[in-house]
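Written out below as structure tokens is the structure these notes cover.
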Amino acid sequence: MNDNNLITGLIHSTESCGTVDGPGIRFVVFTQGCPLRCLYCHNPDCRHIENGKKITVGELIEEIEKYHSYFDYSGGGVTVTGGEPLMQPEFVKAIFQECHKKGIHTALDTSGYVQLNQAKEVLESADLVLLDIKSYDPEIYRRVTSVSLQPTLDFANYLAKINKPTWIRFVLVPNLTDPDHNVQGLAEFVAGLKNVEKVEVLPFHKMGEYKWEQLGYDYQLKDTQTPSPELIAKVSEIFKRNGLNVQ
Ligand code: SF4
């Protein structure tokens, strides 16, 4: 074993055959710990890093290897998401480096609310970044996440500077993230990033609500409906009008 394989991290869980976090069939690692408090979070049990399960990179890679043939035939690979993976940059970097040694594609799903300096080395080993920009209006962003928008914009600009292939993800929540100026502002900002391959408009859902209740957290979106097909189409159209590839 080399040093990378001995590095430990704290994870929430893994999923062996994910299909929604990057291209193809993916082994998805959910890291533990997140500095955001998104109102719609479907993994609120990922919040506190100290609640994670300790695992070595070597143990993870051994598990990942079992699915190598699925990655090859589907154009898939490994996605590290969370929580916020960049709370554990050494761990994620080591996973990605070991994946690359085995010819496995790597994707990082992040909010971009991170110390850029700590993220840079991780990004060197990420083939793709899934960047969640949860709103463009700073006040809406803060209402949704409890943190400020600017670090995420700085992160997005850095990804453009290094020309890192990036997918932007935007969760559409009726009466929260759907105001036209919010979507239009985001579309214009993203249109200026030449590294962005596509935008994913993700409809709000309540699948994590029961976890909030189990954890005794106050779920404020109880009365919020999932977005209608018309609203999804309208918001997607705003991105398309700005020349973006939307899915
Ligand atoms: S960034 Fe993701 S894991 Fe963190 S609170 Fe928001 S939705 Fe939940």
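How things are named: the first chain in the structure tokens is A, the next is B, and so on; residues count from 1 in each chain; ligands count from 1 in the order shown.
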
- [ ] Skip segment 18-21 of chain A itself and residues of its chain fewer than 2 positions away, then list as a count of residues only all residues within 9 Å of it, counting only C-alpha atoms.
- [x] 15

Taking only residues of chain A that have an atom at most 7 Å from an atom of ligand 1, what is each one's shortest atom pair and its distance in Å to one decimal, using only C-alpha atoms and all ligand atoms, in chain and number order, as JSON lines?
```
{"residue": "A:Cys34", "atom": "CA", "partner": "ligand 1", "partner_atom_place_in_ligand_line": "4 (Fe)", "distance": 4.8}
{"residue": "A:Pro35", "atom": "CA", "partner": "ligand 1", "partner_atom_place_in_ligand_line": "4 (Fe)", "distance": 6.5}
{"residue": "A:Leu36", "atom": "CA", "partner": "ligand 1", "partner_atom_place_in_ligand_line": "5 (S)", "distance": 4.5}
{"residue": "A:Arg37", "atom": "CA", "partner": "ligand 1", "partner_atom_place_in_ligand_line": "5 (S)", "distance": 4.2}
{"residue": "A:Cys38", "atom": "CA", "partner": "ligand 1", "partner_atom_place_in_ligand_line": "6 (Fe)", "distance": 4.2}
{"residue": "A:Tyr40", "atom": "CA", "partner": "ligand 1", "partner_atom_place_in_ligand_line": "7 (S)", "distance": 6.5}
{"residue": "A:Cys41", "atom": "CA", "partner": "ligand 1", "partner_atom_place_in_ligand_line": "7 (S)", "distance": 3.9}
{"residue": "A:His42", "atom": "CA", "partner": "ligand 1", "partner_atom_place_in_ligand_line": "8 (Fe)", "distance": 6.2}
{"residue": "A:Asn43", "atom": "CA", "partner": "ligand 1", "partner_atom_place_in_ligand_line": "8 (Fe)", "distance": 5.4}
{"residue": "A:Pro44", "atom": "CA", "partner": "ligand 1", "partner_atom_place_in_ligand_line": "8 (Fe)", "distance": 5.8}
{"residue": "A:Cys46", "atom": "CA", "partner": "ligand 1", "partner_atom_place_in_ligand_line": "3 (S)", "distance": 6.2}
{"residue": "A:Arg47", "atom": "CA", "partner": "ligand 1", "partner_atom_place_in_ligand_line": "4 (Fe)", "distance": 6.8}
{"residue": "A:Gly82", "atom": "CA", "partner": "ligand 1", "partner_atom_place_in_ligand_line": "3 (S)", "distance": 5.3}
{"residue": "A:Gly83", "atom": "CA", "partner": "ligand 1", "partner_atom_place_in_ligand_line": "3 (S)", "distance": 3.8}
{"residue": "A:Glu84", "atom": "CA", "partner": "ligand 1", "partner_atom_place_in_ligand_line": "4 (Fe)", "distance": 6.0}
{"residue": "A:Ser111", "atom": "CA", "partner": "ligand 1", "partner_atom_place_in_ligand_line": "1 (S)", "distance": 5.5}
{"residue": "A:Thr145", "atom": "CA", "partner": "ligand 1", "partner_atom_place_in_ligand_line": "6 (Fe)", "distance": 6.4}
```

Those same residues - C-alpha atoms - I'd like them written as a compact mmCIF listing (two decimals), in the first residue's frame.
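This is the output file again.txt:
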```txt
# COMPACT_ATOMS: atom_id res chain seq x y z
CA CYS A 34 -21.25 20.37 5.35
CA PRO A 35 -20.97 24.09 6.20
CA LEU A 36 -24.22 24.93 4.41
CA ARG A 37 -27.73 24.54 5.80
CA CYS A 38 -29.83 24.30 2.65
CA TYR A 40 -34.19 21.59 0.98
CA CYS A 41 -31.24 19.39 1.90
CA HIS A 42 -32.10 15.73 1.42
CA ASN A 43 -29.04 14.63 3.40
CA PRO A 44 -29.37 16.64 6.64
CA CYS A 46 -24.50 14.67 6.57
CA ARG A 47 -24.15 17.97 8.45
CA GLY A 82 -21.67 15.01 0.33
CA GLY A 83 -22.07 16.84 2.52
CA GLU A 84 -19.26 18.98 1.22
CA SER A 111 -21.19 23.84 -3.39
CA THR A 145 -28.10 28.06 2.41
```

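Taking atom CA of Asp127 of chain A as the reference point, atom CA of Tyr158 of chain A is found at 15.0 Å.
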
- [ ] Once DSSP has gone over the backbone, tell me which residues of segment 55-146 of chain A are in strand (DSSP E), as number ranges by chain.
- [x] A: 55-56, 77-81, 105-110, 128-132

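The two atoms in question, atom CA of Pro227 of chain A and atom CA of Leu202 of chain A, are spaced 9.7 Å apart.
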
Set the distance at 12 Å and use only C-alpha atoms: which residues neighbour Asp45 of chain A once local chain neighbours fewer than 2 positions away are removed? I'd like the list as a PDB file with C-alpha atoms, in the first residue's frame.
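Here's the written file result.pdb:
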```
ATOM      1  CA  ILE A  11     -18.060   9.389   5.053  1.00  0.00           C
ATOM      2  CA  HIS A  12     -21.803   9.145   5.395  1.00  0.00           C
ATOM      3  CA  SER A  13     -22.309   6.307   2.920  1.00  0.00           C
ATOM      4  CA  PHE A  30     -21.079  10.736   0.242  1.00  0.00           C
ATOM      5  CA  THR A  31     -18.637  12.484   2.547  1.00  0.00           C
ATOM      6  CA  GLN A  32     -19.701  13.616   5.989  1.00  0.00           C
ATOM      7  CA  GLY A  33     -19.810  17.278   7.023  1.00  0.00           C
ATOM      8  CA  CYS A  34     -21.246  20.371   5.350  1.00  0.00           C
ATOM      9  CA  ARG A  37     -27.728  24.537   5.801  1.00  0.00           C
ATOM     10  CA  CYS A  41     -31.236  19.392   1.903  1.00  0.00           C
ATOM     11  CA  HIS A  42     -32.099  15.735   1.424  1.00  0.00           C
ATOM     12  CA  ASN A  43     -29.045  14.631   3.395  1.00  0.00           C
ATOM     13  CA  ARG A  47     -24.153  17.969   8.449  1.00  0.00           C
ATOM     14  CA  HIS A  48     -21.789  17.171  11.261  1.00  0.00           C
ATOM     15  CA  ILE A  49     -18.439  15.763  10.259  1.00  0.00           C
ATOM     16  CA  GLU A  50     -17.887  14.057  13.610  1.00  0.00           C
ATOM     17  CA  ASN A  51     -20.844  11.740  12.900  1.00  0.00           C
ATOM     18  CA  GLY A  52     -19.089  10.210   9.890  1.00  0.00           C
ATOM     19  CA  GLY A  82     -21.673  15.009   0.330  1.00  0.00           C
ATOM     20  CA  GLY A  83     -22.068  16.842   2.524  1.00  0.00           C
ATOM     21  CA  GLY A 208     -35.411  14.026   2.695  1.00  0.00           C
ATOM     22  CA  GLU A 209     -38.235  15.479   4.800  1.00  0.00           C
ATOM     23  CA  TYR A 210     -38.537  12.421   7.026  1.00  0.00           C
ATOM     24  CA  LYS A 211     -34.841  12.707   7.935  1.00  0.00           C
ATOM     25  CA  TRP A 212     -35.351  16.276   9.150  1.00  0.00           C
ATOM     26  CA  GLU A 213     -38.166  15.039  11.369  1.00  0.00           C
ATOM     27  CA  GLN A 214     -36.109  12.127  12.688  1.00  0.00           C
ATOM     28  CA  LEU A 215     -33.245  14.504  13.526  1.00  0.00           C
ATOM     29  CA  GLY A 216     -35.577  17.003  15.214  1.00  0.00           C
ATOM     30  CA  TYR A 217     -34.721  19.766  12.697  1.00  0.00           C
TER      31      TYR A 217
END
```

Task: Glu124 of chain A environment, 9 Å, only C-alpha atoms, sequence neighbours closer than 4 positions dropped, as a PyMOL selection string - done: chain A and resi 93+119-120+164

Residues from last step as file, N, CA, C and O atoms, as an mmCIF file, in the first residue's frame:
```
data_model
loop_
_atom_site.group_PDB
_atom_site.id
_atom_site.type_symbol
_atom_site.label_atom_id
_atom_site.label_comp_id
_atom_site.auth_asym_id
_atom_site.auth_seq_id
_atom_site.Cartn_x
_atom_site.Cartn_y
_atom_site.Cartn_z
ATOM 1 N N LYS A 93 -8.606 14.188 -2.624
ATOM 2 C CA LYS A 93 -7.490 14.179 -3.580
ATOM 3 C C LYS A 93 -6.908 12.773 -3.702
ATOM 4 O O LYS A 93 -6.641 12.284 -4.807
ATOM 5 N N ALA A 119 -8.701 23.765 -2.257
ATOM 6 C CA ALA A 119 -9.403 22.995 -3.288
ATOM 7 C C ALA A 119 -8.542 22.761 -4.529
ATOM 8 O O ALA A 119 -8.775 21.813 -5.279
ATOM 9 N N LYS A 120 -7.550 23.614 -4.735
ATOM 10 C CA LYS A 120 -6.826 23.593 -6.013
ATOM 11 C C LYS A 120 -6.213 22.233 -6.335
ATOM 12 O O LYS A 120 -6.313 21.751 -7.457
ATOM 13 N N LYS A 164 -11.760 23.894 -16.429
ATOM 14 C CA LYS A 164 -12.175 22.581 -15.912
ATOM 15 C C LYS A 164 -13.587 22.245 -16.409
ATOM 16 O O LYS A 164 -14.514 23.042 -16.205
#
```

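Residue nearest His181 of chain A, chosen from A:Pro138, A:Leu221, A:Val199, A:Ala160 and counting only C-alpha atoms: A:Pro138.
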
- [ ] Determine which residues of segment 88-222 of chain A DSSP labels as alpha helix (DSSP H) from the backbone of this structure, then write them out as a PyMOL selection string.
- [x] chain A and resi 89-101+116-124+138-145+150-161+180-191+209-215

Open item on the list: At a cut-off of 10 Å, using only C-alpha atoms, what residues contact Asp132 of chain A? Leave out same-chain residues fewer than 5 positions from it and give the result as a PyMOL selection string.
Closed with: chain A and resi 109-113+152+156+167-171+199-200

Writing out the chosen residues with N, CA and C atoms as a CSV table (one decimal), in the first residue's frame:
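What follows is the written file part_6.csv:
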```
chain,number,residue,atom,x,y,z
A,109,ASP,N,-18.6,16.7,-6.7
A,109,ASP,CA,-19.8,17.5,-6.6
A,109,ASP,C,-19.7,18.4,-5.4
A,110,THR,N,-19.7,19.7,-5.6
A,110,THR,CA,-19.4,20.7,-4.5
A,110,THR,C,-20.3,21.9,-4.6
A,111,SER,N,-20.5,22.6,-3.4
A,111,SER,CA,-21.2,23.8,-3.4
A,111,SER,C,-20.3,25.0,-3.8
A,112,GLY,N,-19.0,24.7,-3.8
A,112,GLY,CA,-18.0,25.8,-4.0
A,112,GLY,C,-17.8,26.7,-2.9
A,113,TYR,N,-18.4,26.4,-1.7
A,113,TYR,CA,-18.3,27.3,-0.5
A,113,TYR,C,-17.1,26.7,0.2
A,152,THR,N,-18.7,30.9,-3.8
A,152,THR,CA,-19.1,30.0,-4.9
A,152,THR,C,-18.8,30.6,-6.2
A,156,ALA,N,-16.4,29.3,-9.1
A,156,ALA,CA,-16.8,29.1,-10.5
A,156,ALA,C,-15.9,29.8,-11.4
A,167,TRP,N,-20.3,21.0,-14.9
A,167,TRP,CA,-21.8,21.0,-15.0
A,167,TRP,C,-22.3,21.9,-13.8
A,168,ILE,N,-23.2,22.8,-14.1
A,168,ILE,CA,-23.8,23.6,-13.1
A,168,ILE,C,-25.2,23.0,-12.7
A,169,ARG,N,-25.4,22.9,-11.4
A,169,ARG,CA,-26.7,22.4,-10.9
A,169,ARG,C,-27.4,23.5,-10.1
A,170,PHE,N,-28.7,23.6,-10.4
A,170,PHE,CA,-29.6,24.6,-9.8
A,170,PHE,C,-30.8,23.9,-9.4
A,171,VAL,N,-31.1,24.0,-8.1
A,171,VAL,CA,-32.3,23.4,-7.6
A,171,VAL,C,-33.5,24.4,-7.6
A,199,VAL,N,-26.1,22.7,-17.9
A,199,VAL,CA,-26.8,23.2,-16.7
A,199,VAL,C,-27.9,22.1,-16.4
A,200,GLU,N,-27.9,21.7,-15.2
A,200,GLU,CA,-29.0,20.8,-14.8
A,200,GLU,C,-30.0,21.5,-13.9
```

Task: Given only C-alpha atoms as the counted atoms, nearest of A:Ser236, A:Gln118, A:Asn182, A:Thr226 to Lys198 of chain A - done: A:Ser236

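Note that atom CA of Ile64 of chain A and atom CA of Lys102 of chain A are 10.3 Å apart.
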
- [ ] Please provide the set of residues having any atom within 8 Å of segment 243-245 of chain A, restricted to only C-alpha atoms, with same-chain residues fewer than 3 positions apart removed, written as a ChimeraX atom specification.
- [x] /A:187,191,197-199,239-240

Write a file of the just-selected residues containing N, CA and C atoms, as an mmCIF file, in the first residue's frame.
```cif
data_model
loop_
_atom_site.group_PDB
_atom_site.id
_atom_site.type_symbol
_atom_site.label_atom_id
_atom_site.label_comp_id
_atom_site.auth_asym_id
_atom_site.auth_seq_id
_atom_site.Cartn_x
_atom_site.Cartn_y
_atom_site.Cartn_z
ATOM 1 N N ALA A 187 -28.173 32.602 -15.157
ATOM 2 C CA ALA A 187 -27.962 32.208 -16.554
ATOM 3 C C ALA A 187 -26.900 33.096 -17.208
ATOM 4 N N ALA A 191 -23.361 31.758 -18.484
ATOM 5 C CA ALA A 191 -23.079 31.881 -19.920
ATOM 6 C C ALA A 191 -21.689 32.465 -20.171
ATOM 7 N N GLU A 197 -20.271 22.794 -19.495
ATOM 8 C CA GLU A 197 -20.787 21.908 -20.546
ATOM 9 C C GLU A 197 -22.309 21.854 -20.540
ATOM 10 N N LYS A 198 -22.879 21.927 -19.353
ATOM 11 C CA LYS A 198 -24.341 21.934 -19.291
ATOM 12 C C LYS A 198 -24.848 22.424 -17.946
ATOM 13 N N VAL A 199 -26.127 22.737 -17.931
ATOM 14 C CA VAL A 199 -26.812 23.157 -16.705
ATOM 15 C C VAL A 199 -27.889 22.122 -16.412
ATOM 16 N N PHE A 239 -32.351 29.604 -19.266
ATOM 17 C CA PHE A 239 -30.955 29.162 -19.456
ATOM 18 C C PHE A 239 -30.665 28.975 -20.947
ATOM 19 N N LYS A 240 -31.615 28.368 -21.649
ATOM 20 C CA LYS A 240 -31.404 28.108 -23.086
ATOM 21 C C LYS A 240 -31.252 29.409 -23.863
#
```

Would you list the contacts of Asp3 of chain A as an mmCIF file with N, CA and C atoms, in the first residue's frame, taking every protein, DNA or RNA residue within 10 Å and counting only C-alpha atoms, but skipping same-chain residues closer than 5 positions in sequence?
```
data_model
loop_
_atom_site.group_PDB
_atom_site.id
_atom_site.type_symbol
_atom_site.label_atom_id
_atom_site.label_comp_id
_atom_site.auth_asym_id
_atom_site.auth_seq_id
_atom_site.Cartn_x
_atom_site.Cartn_y
_atom_site.Cartn_z
ATOM 1 N N VAL A 57 -8.738 5.342 2.247
ATOM 2 C CA VAL A 57 -8.836 5.403 0.784
ATOM 3 C C VAL A 57 -8.666 3.998 0.204
ATOM 4 N N GLY A 58 -7.783 3.221 0.783
ATOM 5 C CA GLY A 58 -7.550 1.858 0.299
ATOM 6 C C GLY A 58 -8.812 1.008 0.363
ATOM 7 N N ALA A 94 -6.744 12.110 -2.571
ATOM 8 C CA ALA A 94 -6.160 10.762 -2.587
ATOM 9 C C ALA A 94 -7.086 9.771 -3.308
#
```

Open item on the list: Using only C-alpha atoms for the distances, tell me which of A:Val122, A:Gln150, A:Phe189, A:Cys99 is nearest to Tyr67 of chain A.
Closed with: A:Cys99
